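Asker: coords-v1.csv (CSV, C-alpha atoms) pasted underneath:
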```csv
chain,number,residue,atom,x,y,z
A,1,MET,CA,-201.4,-3.9,276.4
A,2,ARG,CA,-199.1,-6.0,274.2
A,3,VAL,CA,-197.8,-4.9,270.8
A,4,LEU,CA,-195.9,-7.0,268.3
A,5,ILE,CA,-193.7,-5.1,266.0
A,6,VAL,CA,-193.5,-7.0,262.7
A,7,ILE,CA,-190.5,-6.2,260.6
A,8,PRO,CA,-190.5,-7.8,257.1
A,9,ALA,CA,-186.9,-8.0,255.9
A,10,PHE,CA,-185.2,-9.2,252.8
A,11,ASN,CA,-181.4,-8.7,252.7
A,12,GLU,CA,-181.6,-6.0,255.3
A,13,GLU,CA,-178.5,-6.8,257.4
A,14,GLN,CA,-177.2,-3.2,257.0
A,15,ALA,CA,-180.2,-1.3,258.3
A,16,LEU,CA,-181.6,-3.9,260.7
A,17,SER,CA,-179.2,-3.6,263.6
A,18,GLY,CA,-179.6,0.1,263.9
A,19,LEU,CA,-183.4,-0.2,263.7
A,20,LEU,CA,-183.5,-2.9,266.4
A,21,ALA,CA,-181.2,-0.9,268.6
A,22,GLU,CA,-183.7,2.0,268.3
A,23,ILE,CA,-186.6,-0.2,269.2
A,24,ARG,CA,-184.8,-1.8,272.2
A,25,ALA,CA,-184.0,1.7,273.5
A,26,LEU,CA,-187.8,2.4,273.8
A,27,THR,CA,-189.5,1.9,277.1
A,28,PRO,CA,-193.1,0.6,277.5
A,29,ALA,CA,-193.9,4.0,279.0
A,30,GLU,CA,-192.7,5.8,275.9
A,31,VAL,CA,-194.7,3.6,273.5
A,32,GLY,CA,-197.7,3.2,275.7
A,33,ALA,CA,-197.5,-0.6,275.6
A,34,GLU,CA,-195.3,-3.6,276.1
A,35,ILE,CA,-193.5,-4.3,272.9
A,36,ASP,CA,-192.1,-7.5,271.3
A,37,THR,CA,-190.4,-7.5,268.0
A,38,VAL,CA,-190.4,-10.2,265.3
A,39,VAL,CA,-188.2,-10.0,262.2
A,40,VAL,CA,-189.6,-12.0,259.3
A,41,ASP,CA,-186.6,-13.0,257.3
A,42,ASP,CA,-188.0,-13.4,253.8
A,43,GLY,CA,-185.5,-15.9,252.5
A,44,SER,CA,-182.6,-13.5,252.7
A,45,ALA,CA,-179.2,-14.5,251.3
A,46,ASP,CA,-177.3,-12.3,253.7
A,47,ARG,CA,-177.1,-12.4,257.6
A,48,THR,CA,-180.5,-10.8,258.2
A,49,ALA,CA,-181.6,-13.5,260.6
A,50,ASP,CA,-178.4,-13.5,262.6
A,51,VAL,CA,-178.4,-9.7,262.9
A,52,ALA,CA,-182.1,-9.9,264.0
A,53,ARG,CA,-181.3,-12.5,266.7
A,54,ALA,CA,-178.3,-10.5,267.9
A,55,GLY,CA,-180.6,-7.5,268.1
A,56,GLY,CA,-182.9,-9.4,270.5
A,57,ALA,CA,-185.8,-9.9,268.1
A,58,ARG,CA,-187.7,-13.0,267.5
A,59,VAL,CA,-187.1,-14.4,264.0
A,60,LEU,CA,-189.5,-16.0,261.6
A,61,ARG,CA,-187.3,-17.4,258.9
A,62,LEU,CA,-189.1,-18.1,255.6
A,63,CYS,CA,-187.4,-20.9,253.7
A,64,ARG,CA,-188.0,-19.2,250.4
A,65,ASN,CA,-188.8,-15.6,249.4
A,66,LEU,CA,-192.5,-15.0,249.5
A,67,GLY,CA,-192.4,-11.2,248.9
A,68,ILE,CA,-193.6,-8.5,251.2
A,69,GLY,CA,-197.2,-9.7,251.5
A,70,GLY,CA,-196.3,-13.2,252.5
A,71,ALA,CA,-193.7,-11.9,255.0
A,72,VAL,CA,-196.1,-9.4,256.6
A,73,GLN,CA,-198.9,-12.0,256.9
A,74,SER,CA,-196.5,-14.4,258.7
A,75,GLY,CA,-195.9,-11.7,261.3
A,76,LEU,CA,-199.6,-10.9,261.6
A,77,ARG,CA,-200.4,-14.6,262.0
A,78,LEU,CA,-198.0,-14.8,264.9
A,79,ALA,CA,-199.5,-11.7,266.5
A,80,HIS,CA,-203.1,-13.1,266.1
A,81,ARG,CA,-202.3,-16.6,267.3
A,82,GLU,CA,-200.4,-15.3,270.4
A,83,GLY,CA,-203.2,-12.9,271.3
A,84,TYR,CA,-201.4,-9.6,270.9
A,85,ASP,CA,-203.6,-6.5,271.2
A,86,PHE,CA,-201.9,-4.8,268.3
A,87,ALA,CA,-199.3,-5.5,265.6
A,88,ILE,CA,-197.3,-2.8,264.0
A,89,GLN,CA,-195.8,-3.3,260.6
A,90,CYS,CA,-192.5,-1.5,260.3
A,91,ASP,CA,-190.1,-1.7,257.3
A,92,GLY,CA,-186.7,-3.3,257.9
A,93,ASP,CA,-184.9,-0.7,255.8
A,94,GLY,CA,-185.2,2.0,258.5
A,95,GLN,CA,-187.7,4.3,256.8
A,96,HIS,CA,-190.1,4.1,259.7
A,97,PRO,CA,-188.6,5.6,262.8
A,98,PRO,CA,-189.4,3.7,266.0
A,99,SER,CA,-189.9,7.0,267.7
A,100,GLU,CA,-193.2,7.2,265.8
A,101,LEU,CA,-194.6,4.0,267.3
A,102,LYS,CA,-196.1,6.0,270.1
A,103,ALA,CA,-198.2,8.0,267.6
A,104,LEU,CA,-199.6,4.8,266.1
A,105,VAL,CA,-200.3,3.1,269.5
A,106,ALA,CA,-202.0,6.3,270.7
A,107,SER,CA,-204.2,6.3,267.6
A,108,GLY,CA,-205.0,2.7,268.1
A,109,LEU,CA,-206.2,3.4,271.6
A,110,ALA,CA,-208.3,6.4,270.7
A,111,GLU,CA,-212.1,6.2,271.0
A,112,PRO,CA,-213.7,5.0,268.8
A,113,ALA,CA,-210.9,2.5,268.4
A,114,PRO,CA,-209.9,2.0,264.7
A,115,ASP,CA,-209.1,-1.5,263.4
A,116,LEU,CA,-206.3,-0.2,261.2
A,117,VAL,CA,-204.1,2.9,261.5
A,118,ILE,CA,-202.0,4.1,258.6
A,119,GLY,CA,-198.9,6.2,259.3
A,120,THR,CA,-199.0,8.8,256.5
A,121,ARG,CA,-196.0,10.8,255.3
A,122,TYR,CA,-197.9,13.2,253.1
A,123,VAL,CA,-199.8,15.3,255.5
A,124,ASP,CA,-196.7,17.1,256.7
A,125,LYS,CA,-195.1,19.1,253.8
A,126,HIS,CA,-191.8,19.2,255.6
A,127,ASN,CA,-191.7,15.4,255.8
A,128,PHE,CA,-189.4,13.1,253.8
A,129,ARG,CA,-190.4,13.2,250.2
A,130,SER,CA,-190.2,10.2,248.0
A,131,THR,CA,-189.4,10.3,244.2
A,132,LEU,CA,-191.8,12.1,241.7
A,133,LEU,CA,-192.7,8.8,240.1
A,134,ARG,CA,-193.7,7.3,243.5
A,135,ARG,CA,-195.7,10.4,244.4
A,136,LEU,CA,-197.5,10.1,241.1
A,137,GLY,CA,-198.2,6.5,241.8
A,138,SER,CA,-199.4,7.3,245.2
A,139,TRP,CA,-201.8,9.9,243.8
A,140,TRP,CA,-203.1,7.3,241.3
A,141,LEU,CA,-203.7,4.7,244.0
A,142,ARG,CA,-205.4,7.3,246.2
A,143,THR,CA,-207.8,8.1,243.3
A,144,ILE,CA,-208.5,4.4,242.5
A,145,LEU,CA,-209.2,3.6,246.2
A,146,ARG,CA,-211.5,6.7,246.5
A,147,ILE,CA,-213.4,5.7,243.3
A,148,VAL,CA,-213.7,2.0,244.1
A,149,THR,CA,-214.0,1.9,247.9
A,150,ARG,CA,-214.8,5.5,248.7
A,151,LEU,CA,-211.9,5.5,251.1
A,152,LYS,CA,-210.1,8.8,251.4
A,153,LEU,CA,-206.5,8.3,252.4
A,154,SER,CA,-203.4,10.5,251.8
A,155,ASP,CA,-200.8,7.6,251.8
A,156,PRO,CA,-202.3,4.2,250.7
A,157,THR,CA,-198.8,2.8,250.0
A,158,SER,CA,-197.5,3.4,253.5
A,159,GLY,CA,-196.3,0.2,255.1
A,160,PHE,CA,-196.1,1.8,258.6
A,161,ARG,CA,-199.4,0.4,260.0
A,162,LEU,CA,-201.0,-0.6,263.2
A,163,TYR,CA,-203.4,-3.6,263.1
A,164,GLY,CA,-206.0,-4.1,265.8
A,165,ARG,CA,-207.5,-7.4,266.8
A,166,ARG,CA,-210.2,-7.4,264.1
A,167,ALA,CA,-207.6,-6.6,261.5
A,168,LEU,CA,-205.3,-9.3,262.7
A,169,GLN,CA,-208.2,-11.8,262.6
A,170,LEU,CA,-209.0,-10.7,259.0
A,171,PHE,CA,-205.5,-10.7,257.7
A,172,ASP,CA,-204.6,-14.0,259.3
A,173,SER,CA,-207.0,-15.6,256.8
A,174,VAL,CA,-206.6,-13.3,253.8
A,175,TYR,CA,-203.8,-11.0,252.8
A,176,PRO,CA,-202.5,-10.0,249.4
A,177,TYR,CA,-199.1,-11.2,248.4
A,178,ASP,CA,-197.6,-8.8,245.7
A,179,PHE,CA,-197.5,-5.1,246.5
A,180,PRO,CA,-200.1,-5.6,249.3
A,181,GLU,CA,-200.6,-2.2,250.9
A,182,PRO,CA,-203.4,-0.7,248.7
A,183,GLU,CA,-205.1,-4.1,248.2
A,184,ALA,CA,-205.1,-4.7,252.0
A,185,LEU,CA,-206.9,-1.4,252.4
A,186,ALA,CA,-209.6,-2.5,249.9
A,187,ILE,CA,-210.0,-5.8,251.8
A,188,ALA,CA,-210.2,-4.0,255.1
A,189,LYS,CA,-212.8,-1.5,253.9
A,190,ALA,CA,-214.9,-4.2,252.2
A,191,SER,CA,-214.8,-6.2,255.4
A,192,GLY,CA,-216.2,-3.4,257.4
A,193,LEU,CA,-213.0,-2.5,259.3
A,194,SER,CA,-212.5,1.1,260.5
A,195,ILE,CA,-209.4,2.8,259.1
A,196,LYS,CA,-207.7,5.9,260.3
A,197,GLU,CA,-204.6,7.8,259.3
A,198,VAL,CA,-202.1,9.4,261.6
A,199,ARG,CA,-199.3,11.8,260.6
A,200,VAL,CA,-195.8,10.3,261.0
A,201,THR,CA,-192.3,11.4,260.0
A,202,MET,CA,-190.5,9.1,257.7
A,203,ARG,CA,-186.9,9.1,256.6
A,204,PRO,CA,-184.9,7.8,253.6
A,205,ARG,CA,-184.1,4.1,253.7
A,206,GLN,CA,-181.0,3.3,255.8
A,207,GLY,CA,-179.8,0.5,253.6
A,208,GLY,CA,-180.7,-2.0,250.9
A,209,THR,CA,-182.6,-1.3,247.7
A,210,SER,CA,-186.3,-0.8,246.8
A,211,SER,CA,-188.0,-3.7,244.9
A,212,ILE,CA,-190.1,-1.1,243.0
A,213,ALA,CA,-188.0,0.9,240.6
A,214,GLY,CA,-188.0,1.7,236.8
A,215,PHE,CA,-190.4,-0.4,234.7
A,216,SER,CA,-191.6,-2.4,237.7
A,217,THR,CA,-193.3,0.8,238.9
A,218,ILE,CA,-195.6,0.7,235.8
A,219,TYR,CA,-196.2,-3.0,236.4
A,220,TYR,CA,-197.0,-2.2,240.0
A,221,MET,CA,-199.5,0.5,239.1
A,222,LEU,CA,-201.3,-1.7,236.6
A,223,LYS,CA,-201.3,-4.8,238.8
A,224,VAL,CA,-202.5,-2.9,241.9
A,225,THR,CA,-205.2,-1.1,240.0
A,226,ILE,CA,-206.7,-4.4,238.8
A,227,ALA,CA,-206.1,-6.0,242.1
A,228,VAL,CA,-207.9,-3.3,244.1
A,229,VAL,CA,-211.0,-3.7,242.1
A,230,LEU,CA,-211.0,-7.5,242.2
A,231,THR,CA,-210.2,-7.8,245.9
A,232,TYR,CA,-212.8,-5.2,246.9
A,233,VAL,CA,-215.6,-6.9,244.9
A,234,ARG,CA,-214.4,-10.3,246.3
A,235,ALA,CA,-214.2,-9.1,249.9
A,236,LEU,CA,-217.7,-7.5,249.6
A,237,GLY,CA,-219.0,-10.9,248.6
A,238,ARG,CA,-217.4,-12.4,251.8
A,239,GLY,CA,-219.2,-9.8,253.9
A,240,PRO,CA,-218.1,-8.0,257.1
A,241,THR,CA,-215.7,-9.4,259.6
A,242,SER,CA,-217.2,-10.3,262.9
A,243,GLY,CA,-215.7,-9.2,266.2
A,244,GLU,CA,-215.6,-12.9,267.2
A,245,ASP,CA,-212.2,-14.5,267.2
A,246,GLU,CA,-212.3,-17.8,265.3
A,247,ASN,CA,-209.3,-19.1,267.2
A,248,GLY,CA,-210.7,-18.2,270.5
A,249,SER,CA,-207.5,-16.4,271.4
B,250,MET,CA,-212.6,-33.1,195.5
B,251,GLY,CA,-215.1,-35.4,197.4
B,252,ALA,CA,-215.7,-35.4,201.1
B,253,GLU,CA,-214.2,-38.8,201.6
B,254,GLN,CA,-211.1,-38.0,199.5
B,255,LEU,CA,-210.7,-34.8,201.6
B,256,ALA,CA,-211.0,-36.8,204.8
B,257,GLU,CA,-208.4,-39.3,203.8
B,258,ASN,CA,-205.8,-36.5,203.9
B,259,TYR,CA,-206.1,-36.0,207.6
B,260,TRP,CA,-204.5,-39.1,209.0
B,261,MET,CA,-201.5,-36.9,209.9
B,262,PHE,CA,-203.4,-35.3,212.7
B,263,GLY,CA,-204.0,-38.8,214.1
B,264,VAL,CA,-200.3,-39.5,213.9
B,265,ALA,CA,-199.4,-36.2,215.6
B,266,ALA,CA,-201.9,-36.9,218.4
B,267,LEU,CA,-200.5,-40.5,218.8
B,268,VAL,CA,-196.9,-39.2,219.1
B,269,ILE,CA,-197.9,-36.6,221.7
B,270,ALA,CA,-199.8,-39.3,223.6
B,271,LEU,CA,-196.7,-41.5,223.6
B,272,VAL,CA,-194.6,-38.7,224.9
B,273,LEU,CA,-197.2,-38.1,227.6
B,274,LEU,CA,-197.2,-41.8,228.5
B,275,ARG,CA,-193.4,-41.8,228.7
B,276,LEU,CA,-193.6,-38.9,231.1
B,277,LEU,CA,-196.2,-40.8,233.2
B,278,PHE,CA,-194.1,-43.9,233.3
B,279,ARG,CA,-191.1,-41.9,234.5
B,280,GLU,CA,-193.3,-40.2,237.1
B,281,ARG,CA,-192.5,-36.7,235.8
B,282,ILE,CA,-196.2,-36.0,235.7
B,283,THR,CA,-199.2,-37.4,237.6
B,284,LEU,CA,-202.0,-39.4,236.0
B,285,GLN,CA,-204.6,-37.2,237.7
B,286,GLY,CA,-203.1,-34.1,236.1
B,287,SER,CA,-202.8,-35.7,232.7
B,288,MET,CA,-206.2,-37.2,232.3
B,289,SER,CA,-207.7,-34.1,230.6
B,290,PHE,CA,-204.7,-34.0,228.2
B,291,LEU,CA,-205.1,-37.7,227.4
B,292,ALA,CA,-208.8,-37.1,226.8
B,293,PHE,CA,-208.1,-34.3,224.4
B,294,LEU,CA,-205.5,-36.3,222.4
B,295,THR,CA,-207.9,-39.2,222.2
B,296,LEU,CA,-210.6,-36.9,220.8
B,297,LEU,CA,-208.1,-35.5,218.2
B,298,GLY,CA,-207.1,-39.0,217.3
B,299,LEU,CA,-210.7,-40.2,216.9
B,300,MET,CA,-211.4,-37.1,214.8
B,301,ALA,CA,-208.6,-38.0,212.4
B,302,ILE,CA,-209.5,-41.7,212.3
B,303,PHE,CA,-213.2,-41.2,211.7
B,304,SER,CA,-212.7,-38.3,209.4
B,305,GLY,CA,-215.9,-38.9,207.5
B,306,VAL,CA,-217.9,-38.1,210.7
B,307,THR,CA,-215.6,-35.2,211.5
B,308,GLN,CA,-216.2,-33.8,208.0
B,309,ARG,CA,-220.0,-33.9,208.5
B,310,ILE,CA,-219.7,-32.1,211.9
B,311,ALA,CA,-217.3,-29.5,210.4
B,312,VAL,CA,-219.6,-28.8,207.5
B,313,ALA,CA,-222.6,-28.6,209.9
B,314,LEU,CA,-220.7,-26.1,212.0
B,315,GLY,CA,-220.0,-23.9,209.0
B,316,PHE,CA,-216.3,-24.8,208.4
B,317,THR,CA,-215.4,-24.9,204.7
B,318,LEU,CA,-211.9,-26.4,205.3
B,319,MET,CA,-211.6,-29.4,207.6
B,320,SER,CA,-208.1,-28.4,208.6
B,321,ASN,CA,-209.6,-25.2,210.1
B,322,PHE,CA,-212.0,-27.4,212.1
B,323,PHE,CA,-209.0,-29.4,213.4
B,324,PHE,CA,-207.0,-26.3,214.4
B,325,SER,CA,-210.0,-24.6,216.0
B,326,THR,CA,-210.8,-27.7,218.0
B,327,ALA,CA,-207.1,-28.0,219.0
B,328,ILE,CA,-206.9,-24.3,220.0
B,329,ALA,CA,-210.1,-24.5,222.0
B,330,ALA,CA,-209.0,-27.6,223.8
B,331,LEU,CA,-205.5,-26.2,224.5
B,332,ALA,CA,-207.0,-23.0,225.9
B,333,ILE,CA,-209.2,-25.1,228.3
B,334,LEU,CA,-206.2,-27.2,229.3
B,335,HIS,CA,-204.2,-24.1,229.9
B,336,LEU,CA,-206.8,-22.5,232.1
B,337,ARG,CA,-207.1,-25.7,234.1
B,338,ALA,CA,-203.3,-25.8,234.5
B,339,LEU,CA,-203.4,-22.2,235.7
B,340,VAL,CA,-206.0,-23.0,238.3
B,341,THR,CA,-204.0,-25.9,239.6
B,342,LEU,CA,-200.8,-23.8,239.6
B,343,SER,CA,-202.4,-21.0,241.5
B,344,LYS,CA,-203.7,-23.4,244.1
B,345,VAL,CA,-200.3,-25.0,244.5
B,346,HIS,CA,-198.7,-21.5,244.8
B,347,LEU,CA,-201.1,-20.5,247.5
B,348,ARG,CA,-200.6,-23.7,249.4
B,349,SER,CA,-196.8,-23.4,249.1
B,350,ILE,CA,-197.0,-19.9,250.6
B,351,ALA,CA,-199.2,-21.1,253.5
B,352,LEU,CA,-196.8,-24.0,254.1
B,353,THR,CA,-193.8,-21.8,254.1
B,354,GLN,CA,-195.4,-19.5,256.7
B,355,GLU,CA,-196.5,-22.4,258.9
B,356,LEU,CA,-193.0,-23.9,258.7
B,357,ALA,CA,-191.5,-20.6,259.8
B,358,LEU,CA,-194.0,-20.2,262.7
B,359,LEU,CA,-193.4,-23.8,263.9
B,360,GLN,CA,-189.6,-23.4,263.6
B,361,GLU,CA,-189.7,-20.2,265.7
B,362,LYS,CA,-191.8,-22.0,268.3
B,363,LEU,CA,-189.5,-24.9,268.4
B,364,ASP,CA,-186.4,-22.6,268.7
B,365,ARG,CA,-188.1,-20.8,271.6
B,366,LEU,CA,-189.0,-24.1,273.4
B,367,SER,CA,-185.5,-25.4,272.9
B,368,ALA,CA,-184.0,-22.2,274.3
B,369,GLU,CA,-186.4,-22.3,277.3
B,370,LYS,CA,-185.4,-26.0,278.0
B,371,ARG,CA,-181.8,-25.1,278.0
```
Take the structure in this file and express it as structure tokens.
Answerer:
Amino acid sequence: MRVLIVIPAFNEEQALSGLLAEIRALTPAEVGAEIDTVVVDDGSADRTADVARAGGARVLRLCRNLGIGGAVQSGLRLAHREGYDFAIQCDGDGQHPPSELKALVASGLAEPAPDLVIGTRYVDKHNFRSTLLRRLGSWWLRTILRIVTRLKLSDPTSGFRLYGRRALQLFDSVYPYDFPEPEALAIAKASGLSIKEVRVTMRPRQGGTSSIAGFSTIYYMLKVTIAVVLTYVRALGRGPTSGEDENGS
Amino acid sequence: MGAEQLAENYWMFGVAALVIALVLLRLLFRERITLQGSMSFLAFLTLLGLMAIFSGVTQRIAVALGFTLMSNFFFSTAIAALAILHLRALVTLSKVHLRSIALTQELALLQEKLDRLSAEKR
């Protein structure tokens, strides 16, 4: 069982070395799979790529900033093309503790095997709480996703996710670029992928700043609301994803 | 005021279209824009120029469409054409943007592969 941990990173030199050290410290027995790590340096201006290499990770260096969606898709493409069984998306700011990788892998291996596993921070009341505005935003997106796609999730904005082979195949060809998490769920649902949530502990970011703050939160909500509806209808038109791998890998 | 007299007043639209067409041609000669991308714009300017030159015909069309002022017909035509041109540009821009993202990703994937092969060779 091979898992590729995909870490999208934009100017994350501060938090990255600690995160990679934590991942390196994990044994395959602890995680339940062999793990490789790739850091997708999203056109950083700091030493993110150097820190990632020094931390023993593979590095995909994007020559310009594509945003979180473009960075994540690069990592998922690598996982799909190299035949990994799973890819796990893990933020480069240290919010997603590597100790929780085991929970995601275990959920991915459970029967019936889900195609997409979302690590949720909201099931446990003692877990790290984000700001009120973010929680409000998360509530709104939960509601939109439930109305449009009939998908019931507690944390649709969580970027701590495990992608199975079918999800990797789907997202190799189509993945949203701006604020992608809720949109990706709508695409997955419309394409017939099975989605599951698992409770994880999250922690405050260990460095860097969030790209969503202040007025951009309002833009985020508006844009994602429209995008969820559009992508769901568009993905429904494409039909369900087959289990066959187009690349034959 | 007769229809022909009214039509004579609209040669300025033709001059404006000609000036913009000349600017467009200059950009084309300097290879700042491509001929393929400018063809629809040139077609629109030609249409506007012809409307101004043959203002008698334009006047009859404007009246038939219910316009009481021919200037309103000119502006409406120009706004509609610009909206179409803008939409076309938006489609092209979006395609270029998506291709640029895909190319950036492929470049990063190939670079990583190359780095790995070089490291293995060493």
Asker: For atom CA of A:Asp36 and atom CA of A:Ala79, quote the distance in Å rounded to one decimal.
Answerer: 9.8 Å
Asker: Residues of chain A within 12 Å of chain B, counting all atoms listed in the file, what are they? List them as a ChimeraX atom specification.
Answerer: /A:38-43,49,53,57-79,81-82,172-177
Asker: Near A:Leu104, counting all atoms listed in the file, which residues have an atom at most 9 Å away, once you skip same-chain residues fewer than 2 positions from it, shown as a list in words?
Answerer: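 In the requested form, the answer reads Val31, Ile88, Glu100, Leu101, Lys102, Ala106, Ser107, Gly108, Leu109, Val117, Ile118, Gly119, Phe160, Arg161, Leu162, Glu197, Val198, Arg199 and Val200 of chain A.
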Asker: If I take atom CA of B:Ser320 and atom CA of B:Phe293, how far is one from the other in Å, to one decimal?
Answerer: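 That distance, rounded to one decimal, is 16.9 Å.
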Asker: Under the rule that all atoms listed in the file are counted, which of B:Ser325, B:Gly298, B:Ala332, B:Leu274 is the nearest residue to B:Ala311?
Answerer: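 Checking each of B:Ser325, B:Gly298, B:Ala332, B:Leu274 against B:Ala311, counting all atoms listed in the file, the winner is B:Ser325.
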Asker: Could you tell me how far atom CA of A:Ala184 lies from atom CA of B:Ser343, in Å and to one decimal?
Answerer: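 Atom-to-atom, atom CA of A:Ala184 and atom CA of B:Ser343 are spaced 19.6 Å apart.
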